[in-house]
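Asks: Sharing final-v9.cif here; it has mmCIF, C-alpha atoms.
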```cif
data_query
#
loop_
_atom_site.label_atom_id
_atom_site.label_comp_id
_atom_site.auth_asym_id
_atom_site.auth_seq_id
_atom_site.Cartn_x
_atom_site.Cartn_y
_atom_site.Cartn_z
CA MET D 1 23.23 66.46 -21.89
CA GLY D 2 21.47 69.59 -23.25
CA THR D 3 18.55 71.39 -21.71
CA LYS D 4 16.08 69.84 -24.18
CA GLY D 5 17.36 66.31 -23.49
CA LEU D 6 17.06 66.85 -19.75
CA ILE D 7 13.48 68.07 -20.14
CA ARG D 8 12.58 65.02 -22.25
CA LEU D 9 14.09 62.70 -19.62
CA LEU D 10 12.10 64.36 -16.83
CA ILE D 11 8.89 64.02 -18.85
CA VAL D 12 9.52 60.29 -19.43
CA LEU D 13 10.19 59.71 -15.75
CA ALA D 14 7.04 61.60 -14.77
CA ILE D 15 4.90 59.54 -17.14
CA ALA D 16 6.41 56.31 -15.81
CA GLY D 17 5.64 57.42 -12.26
CA VAL D 18 2.01 58.16 -13.12
CA ILE D 19 1.61 54.75 -14.79
CA ALA D 20 3.07 53.03 -11.71
CA VAL D 21 0.65 54.82 -9.40
CA ILE D 22 -2.32 53.92 -11.61
CA ALA D 23 -1.23 50.27 -11.77
CA LYS D 24 -0.85 50.15 -8.01
CA PHE D 25 -4.10 51.73 -6.91
CA ALA D 26 -6.57 51.42 -9.78
CA GLY D 27 -6.59 47.62 -9.66
CA SER D 28 -9.51 45.44 -10.75
CA ASP D 29 -13.03 45.13 -9.41
CA THR D 30 -11.63 43.34 -6.36
CA GLY D 31 -9.50 46.31 -5.37
CA VAL D 32 -6.37 44.13 -5.58
CA SER D 33 -2.96 45.16 -6.87
CA THR D 34 -0.12 42.95 -8.03
CA VAL D 35 3.06 42.69 -5.97
CA GLU D 36 6.13 43.42 -8.07
CA SER D 37 7.99 40.16 -8.74
CA LYS D 38 9.77 38.57 -11.65
CA THR D 39 9.54 34.95 -10.47
CA THR D 40 7.51 32.99 -7.98
CA ASN D 41 10.64 32.46 -5.87
CA GLN D 42 10.98 36.20 -5.41
CA ARG D 43 7.51 36.63 -3.91
CA THR D 44 7.22 37.47 -0.26
CA LYS D 45 6.09 34.78 2.17
CA VAL D 46 2.97 35.40 4.24
CA PHE D 47 4.88 34.18 7.29
CA ALA D 48 8.50 35.28 7.34
CA ASP D 49 9.32 32.54 9.85
CA PHE D 50 6.44 30.06 10.26
CA PRO D 51 7.29 27.90 13.35
CA ILE D 52 6.65 24.61 11.56
CA ASN D 53 8.68 22.51 14.03
CA ASP D 54 6.99 23.96 17.10
CA VAL D 55 3.37 23.40 16.07
CA ALA D 56 1.64 20.79 18.24
CA ALA D 57 -1.99 21.82 17.79
CA VAL D 58 -4.08 23.13 14.90
CA LYS D 59 -7.55 24.56 15.46
CA ILE D 60 -9.79 25.05 12.42
CA GLN D 61 -12.72 27.34 13.24
CA SER D 62 -15.62 28.06 10.88
CA LYS D 63 -18.77 29.99 11.72
CA ASP D 64 -20.62 26.96 13.11
CA GLU D 65 -17.98 24.29 13.79
CA ALA D 66 -14.47 23.76 15.12
CA LEU D 67 -11.94 21.00 14.65
CA ASN D 68 -8.89 20.39 16.85
CA ILE D 69 -5.93 18.41 15.53
CA LEU D 70 -3.45 17.63 18.29
CA LYS D 71 -0.04 16.03 18.50
CA LYS D 72 0.08 13.48 21.31
CA ASP D 73 2.95 11.08 21.98
CA GLY D 74 4.41 11.93 18.60
CA GLN D 75 1.18 11.19 16.71
CA TRP D 76 -1.37 13.57 15.20
CA VAL D 77 -4.91 12.82 16.43
CA ILE D 78 -8.41 14.25 16.07
CA ASN D 79 -9.77 15.54 19.37
CA GLU D 80 -13.41 15.38 18.19
CA ARG D 81 -13.03 11.66 17.42
CA GLU D 82 -11.66 10.45 20.76
CA ASP D 83 -8.06 11.09 19.68
CA PHE D 84 -8.32 8.74 16.71
CA PRO D 85 -5.22 9.06 14.50
CA ALA D 86 -5.29 11.77 11.85
CA GLN D 87 -3.97 11.48 8.30
CA GLU D 88 -0.42 12.49 9.11
CA ASP D 89 0.50 13.29 5.51
CA ARG D 90 -2.41 15.71 5.24
CA VAL D 91 -1.49 17.51 8.47
CA LEU D 92 2.16 17.80 7.46
CA ASP D 93 1.17 19.07 4.01
CA LEU D 94 -0.88 21.81 5.67
CA LEU D 95 2.07 22.90 7.82
CA LYS D 96 4.40 22.88 4.83
CA GLN D 97 1.95 24.98 2.83
CA MET D 98 1.75 27.51 5.66
CA TRP D 99 5.53 27.66 5.84
CA SER D 100 5.91 28.30 2.09
CA VAL D 101 2.72 30.18 1.10
CA LYS D 102 3.53 33.37 -0.80
CA ILE D 103 1.77 36.62 -1.54
CA THR D 104 0.74 37.18 -5.15
CA GLN D 105 -1.37 40.30 -4.63
CA VAL D 106 -2.02 42.88 -1.93
CA VAL D 107 -5.43 44.36 -1.15
CA PRO D 108 -5.12 48.12 -0.49
CA ASN D 109 -7.19 49.18 2.51
CA GLY D 110 -7.93 45.47 3.05
CA ALA D 111 -9.89 45.93 6.29
CA ALA D 112 -12.65 47.62 4.31
CA HIS D 113 -13.11 44.55 2.12
CA LEU D 114 -13.30 41.81 4.77
CA ALA D 115 -16.97 40.92 4.30
CA ARG D 116 -16.74 40.93 0.51
CA LEU D 117 -13.67 38.71 0.61
CA GLU D 118 -15.29 36.37 3.19
CA LEU D 119 -12.77 37.33 5.86
CA SER D 120 -15.12 38.51 8.61
CA ASP D 121 -14.74 37.08 12.12
CA PRO D 122 -16.52 33.68 12.30
CA ALA D 123 -17.97 34.61 15.71
CA SER D 124 -19.66 37.83 14.62
CA GLY D 125 -19.82 37.91 10.83
CA LYS D 126 -22.82 37.20 8.65
CA GLU D 127 -23.40 33.90 6.88
CA GLY D 128 -21.44 33.79 3.63
CA GLU D 129 -19.05 36.54 4.73
CA THR D 130 -16.99 34.80 7.41
CA ALA D 131 -13.53 33.29 7.26
CA THR D 132 -12.20 29.92 8.32
CA VAL D 133 -9.56 30.66 10.95
CA LEU D 134 -6.57 28.38 11.50
CA THR D 135 -4.76 28.79 14.81
CA PHE D 136 -1.41 27.11 15.44
CA SER D 137 -0.21 26.45 19.01
CA ASP D 138 2.73 24.76 20.68
CA ALA D 139 2.78 21.77 23.04
CA GLU D 140 2.01 24.01 26.04
CA GLY D 141 -1.04 25.49 24.34
CA LYS D 142 0.61 28.84 23.59
CA GLU D 143 -0.64 30.39 20.35
CA LEU D 144 2.15 30.70 17.80
CA THR D 145 0.32 32.31 14.91
CA SER D 146 -2.99 32.24 13.05
CA ILE D 147 -4.46 32.99 9.64
CA ALA D 148 -7.96 33.66 8.33
CA LEU D 149 -8.83 31.98 5.04
CA GLY D 150 -11.38 33.81 2.94
CA LYS D 151 -12.77 33.68 -0.57
CA ILE D 152 -11.14 31.43 -3.15
CA GLN D 153 -10.11 33.22 -6.32
CA VAL D 154 -11.34 31.42 -9.42
CA THR D 155 -9.99 31.93 -12.93
CA THR D 156 -12.03 31.16 -16.04
CA SER D 157 -10.52 29.56 -19.12
CA SER D 158 -11.75 29.43 -22.69
CA GLN D 159 -12.15 25.66 -22.47
CA PRO D 160 -15.68 24.32 -21.86
CA ASN D 161 -16.50 22.37 -18.71
CA PRO D 162 -17.42 18.82 -19.81
CA TYR D 163 -19.75 18.41 -16.80
CA THR D 164 -21.63 21.70 -16.55
CA GLY D 165 -21.38 22.85 -20.12
CA GLY D 166 -20.09 26.31 -19.12
CA ALA D 167 -16.55 27.60 -19.13
CA SER D 168 -13.94 25.68 -17.14
CA THR D 169 -12.72 27.27 -13.94
CA THR D 170 -9.62 26.78 -11.82
CA ASP D 171 -8.97 27.61 -8.17
CA ALA D 172 -6.04 30.01 -8.48
CA GLY D 173 -5.54 31.23 -4.93
CA ARG D 174 -7.23 32.51 -1.81
CA TYR D 175 -7.66 35.75 0.11
CA VAL D 176 -6.10 35.56 3.56
CA LYS D 177 -5.55 37.76 6.58
CA PRO D 178 -2.70 36.80 8.93
CA GLY D 179 -3.52 37.05 12.61
CA GLY D 180 -2.55 40.27 14.34
CA LYS D 181 -2.34 42.21 11.08
CA ASN D 182 -4.70 44.44 9.13
CA SER D 183 -3.10 43.37 5.84
CA VAL D 184 -5.11 41.30 3.37
CA TYR D 185 -3.42 39.27 0.66
CA LEU D 186 -4.21 37.03 -2.25
CA VAL D 187 -1.94 33.99 -1.95
CA ASP D 188 -0.88 31.31 -4.40
CA THR D 189 -2.58 28.39 -2.59
CA PRO D 190 -6.38 27.77 -2.44
CA PHE D 191 -6.16 25.79 0.85
CA LYS D 192 -9.35 23.89 -0.03
CA GLU D 193 -8.56 20.87 2.14
CA ALA D 194 -7.18 23.01 4.96
CA ALA D 195 -10.53 24.71 5.46
CA GLY D 196 -12.42 21.48 6.18
CA VAL D 197 -13.89 21.14 9.67
CA ASP D 198 -15.43 17.70 9.06
CA PRO D 199 -13.50 15.18 11.23
CA THR D 200 -14.16 12.36 8.75
CA GLU D 201 -12.04 14.21 6.20
CA TRP D 202 -9.03 14.16 8.54
CA ILE D 203 -9.11 10.79 10.34
CA THR D 204 -6.93 8.03 9.00
CA ARG D 205 -8.64 5.08 7.34
CA ASP D 206 -6.39 2.52 9.02
CA PHE D 207 -8.50 -0.32 10.40
CA PHE D 208 -8.09 -3.91 11.53
CA LYS D 209 -7.49 -6.66 8.99
CA VAL D 210 -7.96 -10.42 9.39
CA GLU D 211 -5.68 -12.62 7.30
CA ARG D 212 -5.04 -16.37 6.97
CA HIS D 213 -8.30 -17.43 8.61
CA GLU D 214 -8.24 -20.52 10.81
CA SER D 215 -11.80 -20.27 12.14
CA VAL D 216 -14.86 -18.03 11.94
CA ALA D 217 -17.78 -18.26 14.39
CA LEU D 218 -21.13 -16.45 14.66
CA ASP D 219 -22.93 -15.98 17.98
CA THR D 220 -26.39 -14.39 17.89
CA GLY D 221 -27.66 -15.87 21.15
CA ASN D 222 -29.81 -18.34 19.20
CA PRO D 223 -28.05 -21.73 18.92
CA LYS D 224 -30.22 -22.72 15.95
CA GLU D 225 -28.80 -19.83 13.93
CA ASP D 226 -25.19 -19.90 15.20
CA TRP D 227 -22.27 -21.70 13.58
CA LYS D 228 -18.51 -22.15 13.56
CA LEU D 229 -16.29 -22.90 10.57
CA GLU D 230 -12.82 -24.29 11.10
CA ARG D 231 -9.94 -25.79 9.16
CA GLY D 232 -6.77 -27.55 10.24
CA ASP D 233 -4.46 -26.04 7.65
CA LEU D 234 -4.48 -23.01 5.36
CA PRO D 235 -5.07 -24.72 2.00
CA LYS D 236 -7.82 -26.95 3.35
CA PRO D 237 -11.52 -26.07 3.04
CA PHE D 238 -13.61 -25.07 6.05
CA ASP D 239 -15.64 -27.66 7.93
CA LEU D 240 -18.77 -27.00 9.98
CA VAL D 241 -17.93 -27.67 13.63
CA ASP D 242 -20.38 -30.05 15.37
CA ALA D 243 -22.25 -30.71 12.13
CA LYS D 244 -25.40 -32.72 12.62
CA LYS D 245 -26.47 -35.57 10.40
CA GLY D 246 -27.55 -34.27 7.04
CA GLU D 247 -25.81 -30.88 7.49
CA ASN D 248 -23.48 -30.34 4.55
CA LEU D 249 -21.81 -26.99 3.84
CA ASP D 250 -22.57 -25.27 0.57
CA THR D 251 -19.10 -24.16 -0.57
CA ALA D 252 -20.58 -21.39 -2.74
CA LYS D 253 -22.43 -19.89 0.23
CA ILE D 254 -19.37 -19.78 2.49
CA SER D 255 -17.04 -18.30 -0.14
CA THR D 256 -17.53 -14.78 1.26
CA ILE D 257 -17.12 -15.89 4.87
CA LYS D 258 -13.76 -17.45 4.02
CA SER D 259 -12.41 -13.93 3.55
CA ALA D 260 -14.23 -12.20 6.42
CA PHE D 261 -12.74 -8.77 7.24
CA VAL D 262 -9.76 -9.14 4.94
CA SER D 263 -10.10 -5.45 4.07
CA PRO D 264 -12.91 -3.81 6.10
CA THR D 265 -13.57 -0.05 5.99
CA PHE D 266 -15.48 2.40 8.17
CA THR D 267 -17.11 5.77 7.50
CA ASP D 268 -16.98 7.43 10.92
CA ILE D 269 -16.59 6.92 14.68
CA TYR D 270 -19.43 7.30 17.16
CA VAL D 271 -18.61 9.53 20.10
CA GLY D 272 -20.20 10.47 23.42
CA ASP D 273 -23.91 9.83 23.76
CA GLU D 274 -24.12 8.88 20.08
CA LYS D 275 -22.56 5.49 20.71
CA PRO D 276 -25.13 2.77 19.94
CA LYS D 277 -25.09 -0.75 21.32
CA THR D 278 -23.22 -3.52 19.52
CA ASP D 279 -25.13 -6.49 20.92
CA ALA D 280 -26.95 -7.83 17.84
CA ALA D 281 -24.29 -10.43 17.01
CA THR D 282 -20.67 -11.34 17.70
CA LEU D 283 -18.16 -12.79 15.27
CA THR D 284 -15.01 -14.48 16.56
CA LEU D 285 -12.19 -14.98 14.09
CA THR D 286 -8.84 -16.66 14.62
CA SER D 287 -5.91 -16.66 12.23
CA PHE D 288 -2.96 -18.92 11.68
CA ASP D 289 -0.88 -15.93 12.77
CA LYS D 290 -2.14 -16.55 16.33
CA LEU D 291 -4.42 -13.50 16.43
CA THR D 292 -7.99 -13.65 17.72
CA TYR D 293 -10.54 -10.98 16.76
CA THR D 294 -13.85 -10.46 18.52
CA VAL D 295 -16.14 -8.28 16.40
CA SER D 296 -19.48 -7.18 17.86
CA VAL D 297 -22.09 -5.43 15.72
CA GLY D 298 -25.35 -3.64 16.37
CA GLU D 299 -28.63 -3.24 14.55
CA LYS D 300 -28.88 -1.60 11.15
CA ASP D 301 -30.00 2.03 11.10
CA GLU D 302 -32.19 3.86 8.56
CA GLU D 303 -29.15 4.76 6.47
CA ASN D 304 -27.93 1.14 6.26
CA ASN D 305 -25.09 1.61 8.74
CA ARG D 306 -24.18 -0.67 11.61
CA PRO D 307 -22.14 0.08 14.72
CA LEU D 308 -19.09 -2.14 15.10
CA ALA D 309 -16.62 -2.63 17.92
CA PHE D 310 -13.67 -5.00 17.95
CA THR D 311 -10.92 -6.34 20.18
CA VAL D 312 -7.85 -8.31 19.20
CA LYS D 313 -5.56 -10.58 21.21
CA GLY D 314 -2.36 -12.38 20.32
CA ASP D 315 -0.88 -15.64 21.54
CA PHE D 316 2.65 -15.84 20.16
CA SER D 317 5.31 -18.41 20.87
CA GLU D 318 8.58 -16.84 21.89
CA LYS D 319 10.62 -19.75 20.56
CA ARG D 320 10.42 -21.78 17.39
CA GLU D 321 10.08 -25.54 17.50
CA VAL D 322 13.32 -26.88 16.08
CA GLY D 323 13.12 -29.76 13.61
CA GLU D 324 14.96 -33.01 14.24
CA GLU D 325 17.24 -32.89 11.19
CA GLU D 326 17.91 -29.16 10.83
CA SER D 327 21.41 -28.16 9.80
CA GLU D 328 23.09 -25.21 11.49
CA ASP D 329 22.51 -23.04 8.40
CA ASP D 330 18.86 -24.07 8.23
CA LYS D 331 18.42 -23.29 11.91
CA LYS D 332 19.85 -19.79 11.52
CA SER D 333 17.69 -19.07 8.50
CA LEU D 334 14.50 -20.42 10.09
CA ASP D 335 15.18 -18.63 13.39
CA ALA D 336 15.67 -15.32 11.57
CA ARG D 337 12.43 -15.82 9.61
CA PHE D 338 10.54 -16.76 12.79
CA GLU D 339 11.83 -13.68 14.61
CA LYS D 340 10.87 -11.42 11.70
CA LEU D 341 7.34 -12.83 11.48
CA THR D 342 6.86 -12.61 15.25
CA THR D 343 7.98 -8.97 15.27
CA GLU D 344 5.60 -8.12 12.41
CA ARG D 345 2.69 -9.84 14.15
CA LYS D 346 3.37 -8.05 17.44
CA GLU D 347 3.51 -4.70 15.64
CA LYS D 348 0.22 -5.45 13.89
CA LEU D 349 -1.34 -6.45 17.22
CA ALA D 350 -0.18 -3.24 18.92
CA GLN D 351 -1.44 -1.03 16.07
CA GLU D 352 -4.87 -2.64 15.95
CA GLN D 353 -5.27 -2.63 19.74
CA ALA D 354 -4.49 1.10 19.72
CA LEU D 355 -7.19 1.64 17.08
CA SER D 356 -9.88 -0.30 18.96
CA LYS D 357 -9.59 1.25 22.47
CA GLY D 358 -13.28 0.82 23.20
CA ARG D 359 -14.29 2.79 20.12
CA VAL D 360 -17.48 2.16 18.15
CA PHE D 361 -17.15 2.52 14.39
CA LYS D 362 -19.83 3.33 11.83
CA VAL D 363 -19.66 0.72 9.07
CA ARG D 364 -21.76 0.20 5.97
CA SER D 365 -24.15 -2.68 6.58
CA SER D 366 -23.16 -4.32 3.30
CA ILE D 367 -19.72 -5.03 4.80
CA ILE D 368 -21.18 -6.92 7.77
CA ASP D 369 -24.32 -8.62 6.45
CA PRO D 370 -22.62 -11.48 4.52
CA TYR D 371 -21.10 -12.74 7.79
CA LEU D 372 -24.43 -12.74 9.66
CA THR D 373 -25.83 -15.59 7.59
CA LYS D 374 -27.96 -18.04 9.56
CA ARG D 375 -26.74 -21.60 10.00
CA ALA D 376 -29.41 -23.13 7.77
CA ASP D 377 -28.49 -20.77 4.95
CA LEU D 378 -24.93 -22.10 4.88
CA LEU D 379 -26.06 -25.65 4.14
CA ILE D 380 -26.97 -27.56 1.04
CA PRO D 381 -30.76 -27.87 1.11
CA PRO D 382 -31.95 -31.43 1.80
CA PRO D 383 -33.42 -33.23 -1.21
CA GLU D 384 -37.19 -33.16 -1.55
CA PRO D 385 -38.77 -36.49 -0.50
CA GLU D 386 -40.13 -38.67 -3.28
CA THR D 387 -43.90 -39.00 -3.20
CA PRO D 388 -45.43 -42.40 -3.98
CA PRO D 389 -48.06 -42.33 -6.74
CA GLY D 390 -51.50 -41.45 -5.44
CA VAL D 391 -50.23 -40.13 -2.10
CA ASP D 392 -51.13 -36.50 -1.38
CA ILE D 393 -48.59 -34.55 0.72
CA PRO D 394 -49.45 -30.90 1.41
CA GLY D 395 -47.23 -28.60 -0.64
CA ILE D 396 -45.96 -31.35 -2.95
CA LYS D 397 -47.66 -32.19 -6.22
CA PRO D 398 -47.93 -35.98 -6.58
CA PRO D 399 -46.78 -37.61 -9.84
CA PRO D 400 -49.57 -38.77 -12.18
CA VAL D 401 -50.93 -42.27 -11.59
CA PRO D 402 -50.27 -44.54 -14.62
CA PRO D 403 -53.46 -45.70 -16.39
CA ALA D 404 -54.74 -49.22 -15.61
CA ALA D 405 -54.09 -51.96 -18.16
CA VAL D 406 -57.00 -52.85 -20.48
CA PRO D 407 -57.78 -56.61 -20.62
CA GLY D 408 -56.83 -58.08 -24.00
CA ALA D 409 -54.79 -55.07 -25.17
CA PRO D 410 -51.43 -55.86 -26.84
CA VAL D 411 -48.49 -55.56 -24.43
CA GLY D 412 -46.08 -52.66 -25.08
CA GLN D 413 -48.55 -50.58 -27.12
#
```
Here is a file; write its structure as structure tokens.

Replies:
Amino acid sequence: MGTKGLIRLLIVLAIAGVIAVIAKFAGSDTGVSTVESKTTNQRTKVFADFPINDVAAVKIQSKDEALNILKKDGQWVINEREDFPAQEDRVLDLLKQMWSVKITQVVPNGAAHLARLELSDPASGKEGETATVLTFSDAEGKELTSIALGKIQVTTSSQPNPYTGGASTTDAGRYVKPGGKNSVYLVDTPFKEAAGVDPTEWITRDFFKVERHESVALDTGNPKEDWKLERGDLPKPFDLVDAKKGENLDTAKISTIKSAFVSPTFTDIYVGDEKPKTDAATLTLTSFDKLTYTVSVGEKDEENNRPLAFTVKGDFSEKREVGEEESEDDKKSLDARFEKLTTERKEKLAQEQALSKGRVFKVRSSIIDPYLTKRADLLIPPPEPETPPGVDIPGIKPPPVPPAAVPGAPVGQ
């Protein structure tokens, strides 16, 4: 290579070096520079070795609140809700995201931008500038690692937002600061759900469920309002137990009660001193699966919620009654089916008993009210008594009295 060619090569290399420096440090208005990478798989992980299998506790700390998700006896639970089970899939998704989250951009001199990127310490930072800090610990309570989640990066597209009328936006990532480091990164995951400190967003929605109703009874403490419906077999309609003369069930009015608590839901769990009484009424439900549910409810609050507590008991036969003319093949098949059903019912009983554990649930009143119907309102109203002509009964308009016959008038005219 000649002297001129060498000089040209040196000039090209110098220009390339200047461009690289400008690209690295000039950045955008956020002071962020892009990490060199050709594919997403080549990006660097935030945590080189996130201890996903050792995590037994997750603490989510915002400026004003904290949430503790703990692993007890192999199950994830919410400490702030009396160890009620957490949504396991959501917890595991969070851990997987932490294990795989990758850096897309690096913030030069990141410590100087903490407030602007909402990464200030929750304990001392100003409102609107603080991070949500996630701390991961092992079963002995030893801290494994932590990360501060800051401002979410939003990208704007040319497409209009059908709801607001402005441009559509997308959550593209989030600014984070790993614990023990001064480095600040923009990562490829927004972690919107991970930053939630509301326990109701994390608790599982598993609840009790009553199926194949055999009887339903209401006890309010007032015998005139109480009732019990019962049937001898599943296809048969309900009868009113101890029905008095003239008391006939209105099948339309009991249609809802026939499916009481087939799929109930709750919105939250009362804890500590917040627990209200559940002594307004008690519903007792039995099923043909040999399960008995006692559901006690309290008074309605200003937001149309009611407190609800429940217990469940089972009374299962350990052996099947063998028919007189069963063949050996029939016996094996029926025994296997009986054992399977008994196992399923015992598992259901154990799960629902674990959920109840003296807890008081917040339930929308609309779920409970149809089952608190008074006895008289379940019955076909008695027919109105006929009033003889000319007799005045208060509240009933008597029929008109026919005019007297005129002497000598033609009959039938």

Asks: Calculated over all atoms listed in the file, which of the candidates D:Gln97, D:Thr256, D:Thr265, D:Ser327 has the smallest distance to Thr373 of chain D?

Replies: D:Thr256

Asks: Translate the PyMOL selection byres ((chain D and resi 314) around 8), as applied to the file shown, into an explicit residue set as a PDB file with C-alpha atoms, keeping the file's coordinate frame.

Replies:
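The result, written out as expr15.pdb:
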```pdb
ATOM      1  CA  LYS D 290      -2.140 -16.550  16.330  1.00  0.00           C
ATOM      2  CA  LEU D 291      -4.420 -13.500  16.430  1.00  0.00           C
ATOM      3  CA  THR D 292      -7.990 -13.650  17.720  1.00  0.00           C
ATOM      4  CA  VAL D 312      -7.850  -8.310  19.200  1.00  0.00           C
ATOM      5  CA  LYS D 313      -5.560 -10.580  21.210  1.00  0.00           C
ATOM      6  CA  ASP D 315      -0.880 -15.640  21.540  1.00  0.00           C
ATOM      7  CA  PHE D 316       2.650 -15.840  20.160  1.00  0.00           C
ATOM      8  CA  LYS D 346       3.370  -8.050  17.440  1.00  0.00           C
ATOM      9  CA  LEU D 349      -1.340  -6.450  17.220  1.00  0.00           C
TER      10      LEU D 349
END
```

Asks: Starting from the displayed file, determine the output of the PyMOL selection byres ((chain D and resi 203) around 9) and express the residue list as a count of residues only.

Replies: 16

Asks: Go ahead and compute the interatomic distance for atom CA of Gly150 of chain D and atom CA of Asp54 of chain D, in Å to one decimal.

Replies: 25.2 Å

Asks: Just checking: using all atoms listed in the file, which residue out of D:Ala260, D:Ala350, D:Val187, D:Leu334 ends up closest to Glu214 of chain D?

Replies: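 Ranked by minimum distance to Glu214 of chain D, first place goes to D:Ala260.
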
Asks: Tell me which protein, DNA and RNA residues are within 10 Å of Ala217 of chain D, counting all atoms listed in the file, leaving out same-chain ones fewer than 4 positions away, and put them as a PyMOL selection string.

Replies: chain D and resi 226-230+240-241+257+282-286+294+371-372

Asks: Distance atom CA of Lys102 of chain D-atom CA of Ile147 of chain D, one decimal place?

Replies: 13.2 Å

Asks: Please write as a ChimeraX atom specification the list of polymer residues whose atoms come within 9 Å of (-19.3, 4.5, 14.5), counting only C-alpha atoms and keeping to the coordinates of the file.

Replies: /D:266-271,274-276,305-309,359-363

Asks: Rank nothing, just name the residue among D:Ile69, D:Val322, D:Ile152, D:Val297 nearest to Arg364 of chain D, using only C-alpha atoms.

Replies: D:Val297
